[in-house]
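Note: the block below is work.cif and it holds mmCIF, C-alpha atoms.
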```cif
data_target
#
loop_
_atom_site.group_PDB
_atom_site.id
_atom_site.type_symbol
_atom_site.label_atom_id
_atom_site.label_comp_id
_atom_site.auth_asym_id
_atom_site.auth_seq_id
_atom_site.Cartn_x
_atom_site.Cartn_y
_atom_site.Cartn_z
ATOM 1 C CA MET V 1 232.922 133.865 104.258
ATOM 2 C CA ASN V 2 231.409 131.221 101.920
ATOM 3 C CA GLN V 3 232.999 127.956 100.882
ATOM 4 C CA ALA V 4 234.285 129.419 97.611
ATOM 5 C CA HIS V 5 236.558 131.735 99.620
ATOM 6 C CA LEU V 6 238.051 129.018 101.780
ATOM 7 C CA PRO V 7 241.359 127.355 100.878
ATOM 8 C CA SER V 8 241.238 123.821 99.567
ATOM 9 C CA THR V 9 241.850 121.073 102.112
ATOM 10 C CA GLY V 10 242.934 117.475 102.084
ATOM 11 C CA SER V 11 246.443 117.872 100.679
ATOM 12 C CA VAL V 12 249.800 119.042 101.976
ATOM 13 C CA GLU V 13 252.591 120.367 99.794
ATOM 14 C CA VAL V 14 256.113 119.978 101.151
ATOM 15 C CA THR V 15 258.506 122.775 100.171
ATOM 16 C CA ASP V 16 262.270 122.339 100.381
ATOM 17 C CA GLN V 17 264.366 124.740 102.456
ATOM 18 C CA ALA V 18 265.599 126.852 99.531
ATOM 19 C CA ASP V 19 262.090 127.348 98.124
ATOM 20 C CA ALA V 20 260.755 128.139 101.589
ATOM 21 C CA ALA V 21 263.396 130.846 102.085
ATOM 22 C CA GLU V 22 262.495 132.335 98.692
ATOM 23 C CA LEU V 23 258.812 132.320 99.636
ATOM 24 C CA VAL V 24 259.546 134.248 102.839
ATOM 25 C CA GLU V 25 261.497 136.858 100.862
ATOM 26 C CA ASP V 26 258.636 137.171 98.349
ATOM 27 C CA ILE V 27 256.195 137.827 101.199
ATOM 28 C CA ALA V 28 258.522 140.488 102.623
ATOM 29 C CA GLU V 29 258.837 142.151 99.202
ATOM 30 C CA ASP V 30 255.043 142.175 98.812
ATOM 31 C CA ALA V 31 254.719 143.839 102.213
ATOM 32 C CA GLU V 32 257.080 146.608 101.054
ATOM 33 C CA ASN V 33 255.418 146.987 97.636
ATOM 34 C CA PRO V 34 253.081 150.027 97.640
ATOM 35 C CA ARG V 35 250.947 148.358 94.961
ATOM 36 C CA VAL V 36 250.186 145.445 97.288
ATOM 37 C CA PRO V 37 247.501 146.615 99.775
ATOM 38 C CA THR V 38 248.485 146.236 103.444
ATOM 39 C CA GLU V 39 246.842 147.412 106.636
ATOM 40 C CA ARG V 40 248.840 150.279 108.171
ATOM 41 C CA LEU V 41 249.775 149.441 111.739
ATOM 42 C CA LEU V 42 251.077 151.342 114.746
ATOM 43 C CA ILE V 43 253.863 149.176 116.182
ATOM 44 C CA VAL V 44 254.727 149.958 119.804
ATOM 45 C CA LEU V 45 258.018 148.634 121.175
ATOM 46 C CA ASP V 46 259.286 148.455 124.733
ATOM 47 C CA ILE V 47 263.046 149.033 125.019
ATOM 48 C CA ASP V 48 264.818 147.036 127.737
ATOM 49 C CA GLY V 49 264.453 143.294 127.240
ATOM 50 C CA THR V 50 262.633 143.866 123.956
ATOM 51 C CA ILE V 51 264.976 145.703 121.605
ATOM 52 C CA LEU V 52 267.947 145.934 123.983
ATOM 53 C CA LEU V 53 269.734 143.113 125.782
ATOM 54 C CA GLN V 54 270.818 143.475 129.396
ATOM 55 C CA ASP V 55 274.234 144.762 128.293
ATOM 56 C CA GLU V 56 272.402 147.381 126.166
ATOM 57 C CA THR V 57 273.401 145.836 122.839
ATOM 58 C CA LEU V 58 270.726 145.571 120.169
ATOM 59 C CA SER V 59 268.546 142.525 119.686
ATOM 60 C CA PRO V 60 269.636 140.728 116.474
ATOM 61 C CA GLY V 61 268.129 142.089 113.271
ATOM 62 C CA ILE V 62 266.106 144.838 114.973
ATOM 63 C CA VAL V 63 267.344 147.800 112.905
ATOM 64 C CA GLU V 64 266.744 146.022 109.594
ATOM 65 C CA ALA V 65 263.325 144.777 110.739
ATOM 66 C CA VAL V 66 262.227 148.262 111.790
ATOM 67 C CA ALA V 67 263.330 149.595 108.399
ATOM 68 C CA HIS V 68 261.303 146.836 106.729
ATOM 69 C CA ALA V 69 258.228 147.781 108.766
ATOM 70 C CA HIS V 70 258.580 151.414 107.685
ATOM 71 C CA ARG V 71 258.968 150.497 104.036
ATOM 72 C CA ALA V 72 255.782 148.451 104.391
ATOM 73 C CA GLY V 73 253.997 151.623 105.490
ATOM 74 C CA HIS V 74 253.789 150.999 109.245
ATOM 75 C CA GLU V 75 254.677 153.409 112.055
ATOM 76 C CA VAL V 76 257.119 152.275 114.765
ATOM 77 C CA MET V 77 257.174 154.056 118.125
ATOM 78 C CA LEU V 78 258.534 153.402 121.619
ATOM 79 C CA ALA V 79 256.752 152.987 124.967
ATOM 80 C CA THR V 80 259.228 152.624 127.793
ATOM 81 C CA GLY V 81 259.746 152.976 131.510
ATOM 82 C CA ARG V 82 262.860 154.991 130.753
ATOM 83 C CA SER V 83 263.025 158.745 131.067
ATOM 84 C CA TRP V 84 263.244 160.793 127.881
ATOM 85 C CA GLU V 85 266.925 161.436 128.563
ATOM 86 C CA SER V 86 267.602 157.673 128.456
ATOM 87 C CA THR V 87 265.359 157.125 125.429
ATOM 88 C CA ARG V 88 266.424 159.699 122.851
ATOM 89 C CA GLY V 89 269.592 157.828 121.880
ATOM 90 C CA ILE V 90 267.604 154.698 121.030
ATOM 91 C CA LEU V 91 265.691 156.649 118.369
ATOM 92 C CA ARG V 92 268.926 157.507 116.606
ATOM 93 C CA VAL V 93 270.109 153.903 116.698
ATOM 94 C CA LEU V 94 266.810 152.631 115.271
ATOM 95 C CA GLU V 95 266.723 155.515 112.763
ATOM 96 C CA ILE V 96 263.130 156.400 113.598
ATOM 97 C CA ALA V 97 261.356 159.672 114.408
ATOM 98 C CA PRO V 98 257.777 158.820 115.420
ATOM 99 C CA GLU V 99 255.346 161.627 116.132
ATOM 100 C CA TYR V 100 254.956 160.539 119.752
ATOM 101 C CA ILE V 101 257.076 158.643 122.285
ATOM 102 C CA VAL V 102 255.786 157.269 125.575
ATOM 103 C CA CYS V 103 258.312 157.558 128.428
ATOM 104 C CA SER V 104 258.350 157.066 132.198
ATOM 105 C CA ASN V 105 255.758 154.256 131.992
ATOM 106 C CA GLY V 106 253.145 156.553 130.494
ATOM 107 C CA ALA V 107 253.609 159.584 132.739
ATOM 108 C CA VAL V 108 255.423 161.494 129.974
ATOM 109 C CA ILE V 109 254.538 161.729 126.294
ATOM 110 C CA MET V 110 257.023 163.420 123.981
ATOM 111 C CA LYS V 111 255.908 164.958 120.681
ATOM 112 C CA ARG V 112 258.047 165.589 117.628
ATOM 113 C CA VAL V 113 258.432 169.281 116.807
ATOM 114 C CA GLU V 114 258.216 170.133 113.140
ATOM 115 C CA GLY V 115 261.367 171.718 111.738
ATOM 116 C CA ASP V 116 264.588 171.114 109.854
ATOM 117 C CA GLU V 117 266.025 169.066 112.730
ATOM 118 C CA VAL V 118 264.315 166.215 114.564
ATOM 119 C CA ARG V 119 263.595 167.261 118.124
ATOM 120 C CA TYR V 120 260.919 166.584 120.720
ATOM 121 C CA GLU V 121 259.024 168.516 123.383
ATOM 122 C CA ARG V 122 257.325 167.355 126.581
ATOM 123 C CA PHE V 123 253.767 167.373 125.275
ATOM 124 C CA HIS V 124 251.871 165.640 128.099
ATOM 125 C CA THR V 125 253.005 165.041 131.678
ATOM 126 C CA GLU V 126 251.191 163.424 134.597
ATOM 127 C CA THR V 127 252.272 164.261 138.160
ATOM 128 C CA PHE V 128 251.470 163.274 141.732
ATOM 129 C CA ASP V 129 252.562 163.874 145.317
ATOM 130 C CA PRO V 130 254.897 160.941 146.152
ATOM 131 C CA SER V 131 255.524 161.811 149.813
ATOM 132 C CA GLU V 132 253.076 159.325 151.337
ATOM 133 C CA VAL V 133 254.130 156.332 149.249
ATOM 134 C CA LEU V 134 257.835 157.145 149.687
ATOM 135 C CA THR V 135 257.464 157.346 153.463
ATOM 136 C CA LEU V 136 255.643 154.012 153.467
ATOM 137 C CA LEU V 137 258.288 152.332 151.352
ATOM 138 C CA ARG V 138 261.144 153.699 153.400
ATOM 139 C CA GLU V 139 259.667 152.124 156.537
ATOM 140 C CA HIS V 140 259.997 148.711 154.879
ATOM 141 C CA LEU V 141 263.085 149.394 152.726
ATOM 142 C CA PRO V 142 265.361 151.671 154.773
ATOM 143 C CA GLU V 143 268.438 150.735 152.700
ATOM 144 C CA ALA V 144 266.804 151.269 149.317
ATOM 145 C CA ARG V 145 267.862 153.970 146.883
ATOM 146 C CA TYR V 146 265.305 156.421 145.567
ATOM 147 C CA MET V 147 264.980 158.633 142.520
ATOM 148 C CA VAL V 148 262.186 160.938 141.357
ATOM 149 C CA GLU V 149 261.597 162.432 137.943
ATOM 150 C CA LEU V 150 260.188 165.957 138.148
ATOM 151 C CA PRO V 151 257.633 167.395 135.697
ATOM 152 C CA ASP V 152 260.339 169.232 133.736
ATOM 153 C CA GLY V 153 262.344 166.030 133.287
ATOM 154 C CA SER V 154 265.033 166.781 135.864
ATOM 155 C CA ARG V 155 265.811 164.067 138.406
ATOM 156 C CA LEU V 156 266.686 163.887 142.075
ATOM 157 C CA TYR V 157 268.235 160.865 143.783
ATOM 158 C CA THR V 158 269.332 159.832 147.265
ATOM 159 C CA GLU V 159 272.320 157.580 146.493
ATOM 160 C CA HIS V 160 274.343 156.679 143.416
ATOM 161 C CA LEU V 161 273.516 153.499 141.509
ATOM 162 C CA ASP V 162 275.503 152.240 138.525
ATOM 163 C CA ASP V 163 272.343 151.163 136.658
ATOM 164 C CA TRP V 164 270.936 154.698 136.708
ATOM 165 C CA ASN V 165 271.673 157.317 134.096
ATOM 166 C CA LEU V 166 272.385 160.230 136.424
ATOM 167 C CA GLN V 167 273.630 162.725 133.864
ATOM 168 C CA GLY V 168 272.221 166.088 134.914
ATOM 169 C CA ALA V 169 270.605 164.571 138.041
ATOM 170 C CA LYS V 170 271.084 166.029 141.519
ATOM 171 C CA GLN V 171 271.756 164.149 144.748
ATOM 172 C CA VAL V 172 269.542 165.308 147.629
ATOM 173 C CA THR V 173 268.311 164.117 151.015
ATOM 174 C CA PHE V 174 265.336 161.781 151.225
ATOM 175 C CA ASP V 175 263.192 164.544 152.756
ATOM 176 C CA GLU V 176 263.981 166.936 149.896
ATOM 177 C CA LEU V 177 263.336 164.262 147.311
ATOM 178 C CA SER V 178 259.942 163.291 148.762
ATOM 179 C CA ALA V 179 258.788 166.910 149.014
ATOM 180 C CA GLN V 180 258.588 167.377 145.226
ATOM 181 C CA ARG V 181 255.683 166.693 142.891
ATOM 182 C CA ALA V 182 256.859 163.963 140.551
ATOM 183 C CA SER V 183 255.904 162.216 137.352
ATOM 184 C CA ARG V 184 257.760 159.047 138.313
ATOM 185 C CA VAL V 185 259.454 157.425 141.300
ATOM 186 C CA VAL V 186 262.059 154.672 141.060
ATOM 187 C CA VAL V 187 262.973 152.506 144.045
ATOM 188 C CA VAL V 188 265.899 150.076 143.923
ATOM 189 C CA SER V 189 266.910 147.801 146.788
ATOM 190 C CA PRO V 190 270.019 145.775 145.881
ATOM 191 C CA ASP V 191 269.491 143.389 148.815
ATOM 192 C CA GLU V 192 265.989 142.399 147.679
ATOM 193 C CA THR V 193 264.952 140.012 144.924
ATOM 194 C CA GLU V 194 262.268 140.583 142.319
ATOM 195 C CA GLN V 195 259.936 138.280 144.265
ATOM 196 C CA ASP V 196 260.701 140.169 147.486
ATOM 197 C CA PHE V 197 259.385 143.321 145.818
ATOM 198 C CA VAL V 198 256.296 141.554 144.487
ATOM 199 C CA ASP V 199 255.534 140.228 147.980
ATOM 200 C CA LEU V 200 256.180 143.615 149.600
ATOM 201 C CA VAL V 201 253.806 145.447 147.280
ATOM 202 C CA ALA V 202 251.117 142.842 147.930
ATOM 203 C CA ARG V 203 251.644 143.151 151.682
ATOM 204 C CA ILE V 204 251.655 146.928 152.113
ATOM 205 C CA GLY V 205 249.352 147.907 149.234
ATOM 206 C CA LEU V 206 249.982 150.836 146.938
ATOM 207 C CA ASN V 207 246.422 151.794 146.172
ATOM 208 C CA GLU V 208 246.940 155.484 145.445
ATOM 209 C CA VAL V 209 249.506 155.012 142.674
ATOM 210 C CA SER V 210 250.290 152.833 139.663
ATOM 211 C CA TYR V 211 253.336 150.617 139.988
ATOM 212 C CA ALA V 212 255.344 147.926 138.241
ATOM 213 C CA VAL V 213 258.060 145.621 139.552
ATOM 214 C CA GLY V 214 261.023 145.235 137.225
ATOM 215 C CA TRP V 215 262.992 142.086 136.400
ATOM 216 C CA THR V 216 265.409 143.034 139.193
ATOM 217 C CA ALA V 217 264.561 144.504 142.611
ATOM 218 C CA TRP V 218 263.294 147.615 140.852
ATOM 219 C CA LEU V 219 259.972 149.332 141.557
ATOM 220 C CA ASP V 220 258.543 151.992 139.241
ATOM 221 C CA ILE V 221 255.757 154.196 140.613
ATOM 222 C CA ALA V 222 253.546 156.516 138.550
ATOM 223 C CA PRO V 223 250.422 158.572 139.209
ATOM 224 C CA ARG V 224 247.305 156.507 139.860
ATOM 225 C CA GLY V 225 245.715 155.188 136.674
ATOM 226 C CA VAL V 226 248.760 156.037 134.584
ATOM 227 C CA ASP V 227 250.703 153.407 132.667
ATOM 228 C CA LYS V 228 251.726 152.683 129.106
ATOM 229 C CA SER V 229 248.143 151.842 128.157
ATOM 230 C CA SER V 230 246.723 155.179 129.319
ATOM 231 C CA ALA V 231 249.383 157.001 127.305
ATOM 232 C CA LEU V 232 248.843 154.871 124.196
ATOM 233 C CA ALA V 233 245.098 155.519 124.339
ATOM 234 C CA LEU V 234 245.876 159.250 124.150
ATOM 235 C CA VAL V 235 248.391 158.763 121.342
ATOM 236 C CA CYS V 236 245.915 156.754 119.272
ATOM 237 C CA ASP V 237 243.285 159.453 119.771
ATOM 238 C CA TRP V 238 245.688 162.207 118.685
ATOM 239 C CA LEU V 239 246.856 160.215 115.655
ATOM 240 C CA GLY V 240 243.386 159.032 114.718
ATOM 241 C CA VAL V 241 244.546 155.414 114.894
ATOM 242 C CA ASP V 242 242.097 152.619 115.665
ATOM 243 C CA PRO V 243 243.579 150.589 118.577
ATOM 244 C CA ALA V 244 242.602 147.485 116.608
ATOM 245 C CA HIS V 245 245.470 148.425 114.292
ATOM 246 C CA VAL V 246 248.071 148.475 117.073
ATOM 247 C CA ILE V 247 250.724 145.867 117.898
ATOM 248 C CA VAL V 248 252.458 146.163 121.270
ATOM 249 C CA ILE V 249 255.596 144.173 122.101
ATOM 250 C CA GLY V 250 257.273 143.956 125.506
ATOM 251 C CA ASP V 251 258.725 141.702 128.167
ATOM 252 C CA GLY V 252 258.054 143.151 131.625
ATOM 253 C CA ARG V 253 255.352 143.651 134.206
ATOM 254 C CA ASN V 254 255.136 147.305 133.199
ATOM 255 C CA ASP V 255 253.918 146.068 129.789
ATOM 256 C CA ILE V 256 250.934 144.161 131.191
ATOM 257 C CA GLY V 257 248.661 147.205 131.053
ATOM 258 C CA MET V 258 249.338 147.881 127.384
ATOM 259 C CA PHE V 259 248.973 144.168 126.590
ATOM 260 C CA ARG V 260 245.481 144.130 128.100
ATOM 261 C CA TRP V 261 244.550 147.417 126.435
ATOM 262 C CA ALA V 262 245.634 146.234 122.987
ATOM 263 C CA ARG V 263 243.819 142.922 123.210
ATOM 264 C CA GLN V 264 240.635 144.450 124.631
ATOM 265 C CA ASN V 265 240.542 146.811 121.650
ATOM 266 C CA GLY V 266 241.190 144.190 118.985
ATOM 267 C CA GLY V 267 244.937 144.794 118.621
ATOM 268 C CA ARG V 268 247.841 142.406 119.104
ATOM 269 C CA ALA V 269 249.977 141.954 122.218
ATOM 270 C CA VAL V 270 253.258 140.056 121.890
ATOM 271 C CA ALA V 271 255.455 139.022 124.818
ATOM 272 C CA MET V 272 259.130 138.198 124.598
ATOM 273 C CA ALA V 273 260.003 134.573 125.377
ATOM 274 C CA GLN V 274 262.148 135.453 128.404
ATOM 275 C CA GLY V 275 259.278 137.297 130.124
ATOM 276 C CA VAL V 276 257.939 135.802 133.352
ATOM 277 C CA ASP V 277 254.793 133.651 133.226
ATOM 278 C CA GLU V 278 252.669 136.512 134.568
ATOM 279 C CA VAL V 279 253.620 138.645 131.578
ATOM 280 C CA ARG V 280 253.398 136.001 128.875
ATOM 281 C CA SER V 281 249.990 134.806 130.098
ATOM 282 C CA VAL V 282 248.473 138.258 129.491
ATOM 283 C CA ALA V 283 249.825 138.624 125.956
ATOM 284 C CA GLY V 284 248.011 136.927 123.130
ATOM 285 C CA GLU V 285 251.260 135.806 121.509
ATOM 286 C CA THR V 286 254.849 135.008 122.429
ATOM 287 C CA THR V 287 257.824 135.545 120.146
ATOM 288 C CA GLY V 288 261.467 134.591 120.530
ATOM 289 C CA SER V 289 263.672 135.994 123.264
ATOM 290 C CA VAL V 290 265.441 139.321 122.957
ATOM 291 C CA GLU V 291 268.716 137.410 122.463
ATOM 292 C CA ALA V 292 267.131 135.446 119.610
ATOM 293 C CA GLY V 293 265.753 138.507 117.814
ATOM 294 C CA GLY V 294 262.112 138.008 118.753
ATOM 295 C CA VAL V 295 260.997 141.494 117.679
ATOM 296 C CA ALA V 296 262.661 141.175 114.283
ATOM 297 C CA GLU V 297 260.795 137.894 113.828
ATOM 298 C CA ILE V 298 257.451 139.642 114.341
ATOM 299 C CA LEU V 299 258.228 142.697 112.209
ATOM 300 C CA ARG V 300 259.595 140.719 109.269
ATOM 301 C CA ALA V 301 256.337 138.734 109.163
ATOM 302 C CA LEU V 302 254.157 141.845 108.746
#
```

Using structure tokens, write down the structure from this file.
Amino acid sequence: MNQAHLPSTGSVEVTDQADAAELVEDIAEDAENPRVPTERLLIVLDIDGTILLQDETLSPGIVEAVAHAHRAGHEVMLATGRSWESTRGILRVLEIAPEYIVCSNGAVIMKRVEGDEVRYERFHTETFDPSEVLTLLREHLPEARYMVELPDGSRLYTEHLDDWNLQGAKQVTFDELSAQRASRVVVVSPDETEQDFVDLVARIGLNEVSYAVGWTAWLDIAPRGVDKSSALALVCDWLGVDPAHVIVIGDGRNDIGMFRWARQNGGRAVAMAQGVDEVRSVAGETTGSVEAGGVAEILRAL
């Protein structure tokens, strides 16, 4: 870029609040104007702690901001640790129907099926034998509660937990649960803290699987090498999207992989303000908290 293309320097123009608000609206209108060229982006949103608060209410302004992003020509999709069964309702609330949805921390990718009604099929599923890691964890966490997601999406669990969506799930013994090939394992120990889980994983090692510790005493385990980033790499390949044109937004340790992937490929990674230091340090940017409408802030600025 030569000097003729650079903005002039040496002066500052102060704009009053009313004019500033009008300027922001003008920028938003330009973004939605098909005659104003914009770079089409793939926007990838985590769910819990990003678009949903802890009580499962929506982050302020998220529905309107997603609609704005679509009018501007961008694609909005979800990448979550949730199972498909716990994700499908969020699509209806956001009024989106992306071609692909990443579930179960990357172990499951759903694809939209063409037809008169919007529906999805399990398009790509990763599986592993969880018996060894489950036996190891049970030695250290005998009181923990365990759940596995099977390749067909059905779920088995050892004990009831209010935080789990157990609709259609089946309660079984630990031995029966650990004998199944799985796409995802969830371990919850109500007596442990988040840091207890972090320390435990560091102490015992989980080298044959991928894992992420949640913001509570919640451990998600996936097949080795599988996380949101591995799934998004596949999605971008199928869609023909350059990862440099991807924005990922999340708040948890299970988002770290996709943060690194996006930044390494020239995309943007945005962490929510309430994320722990470990998460925010990996992202290239930080937006407001989920309570403050941090995602809407990012999307309205596109």

Go through V:Leu299, V:Leu150, V:Ala144, V:Leu137 and flag the residue nearest V:Ser83, using all atoms listed in the file for the distances.
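Comparing V:Leu299, V:Leu150, V:Ala144, V:Leu137 against V:Ser83, the winner is V:Leu150.
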
Evaluate the PyMOL selection byres ((chain V and resi 124) around 8) here and jot the selected residues down as a ChimeraX atom specification.
/V:107-110,122-123,125-126

Closest contacts (stretch 164-239 of chain V/stretch 139-143 of chain V, max 9 Å, only C-alpha atoms) as CSV:
```
residue,atom,partner,partner_atom,distance
V:Ser189,CA,V:Glu143,CA,6.8
V:Pro190,CA,V:Glu143,CA,8.6
V:Asp191,CA,V:Glu143,CA,8.4
V:Leu200,CA,V:His140,CA,8.3
V:Ile204,CA,V:His140,CA,9.0
```

Applied to the shown file, which residues does the PyMOL selection byres ((chain V and resi 195) around 12) return, written as a VMD selection string?
chain V and resid 191 to 194 196 to 202 213 to 219 276

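Pairwise distance (atom CA of V:Gly49, atom CA of V:Gly294) equals 10.3 Å.
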
Out of V:Arg203, V:His160, V:Met77, V:His70, which residue has the shortest atom-to-atom distance to V:Ile247 when counting all atoms listed in the file?
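Using all atoms listed in the file, V:Ile247 sits closest to V:Met77.
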
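For the residues V:Ser59, V:Asn254, V:Ser230, V:Gln180, ranking by smallest atom-to-atom distance to V:Gly81 using all atoms listed in the file places V:Asn254 first.
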
Expand the PyMOL selection byres ((chain V and resi 237-243) around 9) into the individual residues it matches in the shown file, reporting them as a PyMOL selection string.
chain V and resi 41-42+99+232-236+244-247+261-263+265-267

Distance criterion (all atoms listed in the file): nearest to V:Val66 out of V:Leu94, V:Arg82, V:Gly115, V:Leu161:
V:Leu94

Can you work out the spacing between atom CA of V:Thr80 and atom CA of V:Asn105 in Å, to one decimal?
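Atom CA of V:Asn105 lies 5.7 Å from atom CA of V:Thr80.
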
What is the atom CA of V:Ala72-atom CA of V:Arg40 distance in Å, reported with one decimal?
8.1 Å

Taking N, CA and C atoms as the atom set, what does stretch 40-62 of chain V look like once completed, written as a PDB file, in the frame of the given file?
```pdb
ATOM      1  N   ARG V  40     247.833 149.484 107.474  1.00  0.00           N
ATOM      2  CA  ARG V  40     248.840 150.279 108.171  1.00  0.00           C
ATOM      3  C   ARG V  40     248.690 150.081 109.673  1.00  0.00           C
ATOM      4  N   LEU V  41     249.789 149.769 110.321  1.00  0.00           N
ATOM      5  CA  LEU V  41     249.775 149.441 111.739  1.00  0.00           C
ATOM      6  C   LEU V  41     250.617 150.433 112.531  1.00  0.00           C
ATOM      7  N   LEU V  42     250.239 150.627 113.792  1.00  0.00           N
ATOM      8  CA  LEU V  42     251.077 151.342 114.746  1.00  0.00           C
ATOM      9  C   LEU V  42     251.757 150.280 115.591  1.00  0.00           C
ATOM     10  N   ILE V  43     253.076 150.190 115.485  1.00  0.00           N
ATOM     11  CA  ILE V  43     253.863 149.176 116.182  1.00  0.00           C
ATOM     12  C   ILE V  43     254.538 149.834 117.376  1.00  0.00           C
ATOM     13  N   VAL V  44     254.238 149.345 118.575  1.00  0.00           N
ATOM     14  CA  VAL V  44     254.727 149.958 119.804  1.00  0.00           C
ATOM     15  C   VAL V  44     255.720 149.011 120.472  1.00  0.00           C
ATOM     16  N   LEU V  45     256.955 149.472 120.636  1.00  0.00           N
ATOM     17  CA  LEU V  45     258.018 148.634 121.175  1.00  0.00           C
ATOM     18  C   LEU V  45     258.489 149.134 122.539  1.00  0.00           C
ATOM     19  N   ASP V  46     258.565 148.216 123.494  1.00  0.00           N
ATOM     20  CA  ASP V  46     259.286 148.455 124.733  1.00  0.00           C
ATOM     21  C   ASP V  46     260.779 148.504 124.381  1.00  0.00           C
ATOM     22  N   ILE V  47     261.605 148.968 125.305  1.00  0.00           N
ATOM     23  CA  ILE V  47     263.046 149.033 125.019  1.00  0.00           C
ATOM     24  C   ILE V  47     263.816 147.910 125.708  1.00  0.00           C
ATOM     25  N   ASP V  48     263.962 147.993 127.023  1.00  0.00           N
ATOM     26  CA  ASP V  48     264.818 147.036 127.737  1.00  0.00           C
ATOM     27  C   ASP V  48     264.193 145.644 127.768  1.00  0.00           C
ATOM     28  N   GLY V  49     264.958 144.662 127.290  1.00  0.00           N
ATOM     29  CA  GLY V  49     264.453 143.294 127.240  1.00  0.00           C
ATOM     30  C   GLY V  49     263.611 143.008 126.014  1.00  0.00           C
ATOM     31  N   THR V  50     263.432 144.028 125.174  1.00  0.00           N
ATOM     32  CA  THR V  50     262.633 143.866 123.956  1.00  0.00           C
ATOM     33  C   THR V  50     263.470 144.189 122.728  1.00  0.00           C
ATOM     34  N   ILE V  51     264.051 145.383 122.698  1.00  0.00           N
ATOM     35  CA  ILE V  51     264.976 145.703 121.605  1.00  0.00           C
ATOM     36  C   ILE V  51     266.415 145.822 122.089  1.00  0.00           C
ATOM     37  N   LEU V  52     266.598 145.895 123.422  1.00  0.00           N
ATOM     38  CA  LEU V  52     267.947 145.934 123.983  1.00  0.00           C
ATOM     39  C   LEU V  52     268.159 144.774 124.941  1.00  0.00           C
ATOM     40  N   LEU V  53     269.347 144.143 124.832  1.00  0.00           N
ATOM     41  CA  LEU V  53     269.734 143.113 125.782  1.00  0.00           C
ATOM     42  C   LEU V  53     270.164 143.767 127.090  1.00  0.00           C
ATOM     43  N   GLN V  54     270.442 142.946 128.092  1.00  0.00           N
ATOM     44  CA  GLN V  54     270.818 143.475 129.396  1.00  0.00           C
ATOM     45  C   GLN V  54     272.084 144.313 129.338  1.00  0.00           C
ATOM     46  N   ASP V  55     272.997 143.982 128.419  1.00  0.00           N
ATOM     47  CA  ASP V  55     274.234 144.762 128.293  1.00  0.00           C
ATOM     48  C   ASP V  55     274.056 145.971 127.369  1.00  0.00           C
ATOM     49  N   GLU V  56     272.795 146.234 126.988  1.00  0.00           N
ATOM     50  CA  GLU V  56     272.402 147.381 126.166  1.00  0.00           C
ATOM     51  C   GLU V  56     272.849 147.261 124.711  1.00  0.00           C
ATOM     52  N   THR V  57     273.192 146.064 124.262  1.00  0.00           N
ATOM     53  CA  THR V  57     273.401 145.836 122.839  1.00  0.00           C
ATOM     54  C   THR V  57     272.050 145.541 122.196  1.00  0.00           C
ATOM     55  N   LEU V  58     271.993 145.723 120.878  1.00  0.00           N
ATOM     56  CA  LEU V  58     270.726 145.571 120.169  1.00  0.00           C
ATOM     57  C   LEU V  58     270.351 144.112 119.964  1.00  0.00           C
ATOM     58  N   SER V  59     269.059 143.849 120.030  1.00  0.00           N
ATOM     59  CA  SER V  59     268.546 142.525 119.686  1.00  0.00           C
ATOM     60  C   SER V  59     268.851 142.246 118.214  1.00  0.00           C
ATOM     61  N   PRO V  60     269.239 141.030 117.854  1.00  0.00           N
ATOM     62  CA  PRO V  60     269.636 140.728 116.474  1.00  0.00           C
ATOM     63  C   PRO V  60     268.566 141.103 115.447  1.00  0.00           C
ATOM     64  N   GLY V  61     268.999 141.783 114.401  1.00  0.00           N
ATOM     65  CA  GLY V  61     268.129 142.089 113.271  1.00  0.00           C
ATOM     66  C   GLY V  61     267.126 143.197 113.494  1.00  0.00           C
ATOM     67  N   ILE V  62     267.162 143.889 114.652  1.00  0.00           N
ATOM     68  CA  ILE V  62     266.106 144.838 114.973  1.00  0.00           C
ATOM     69  C   ILE V  62     266.120 146.056 114.052  1.00  0.00           C
TER      70      ILE V  62
END
```
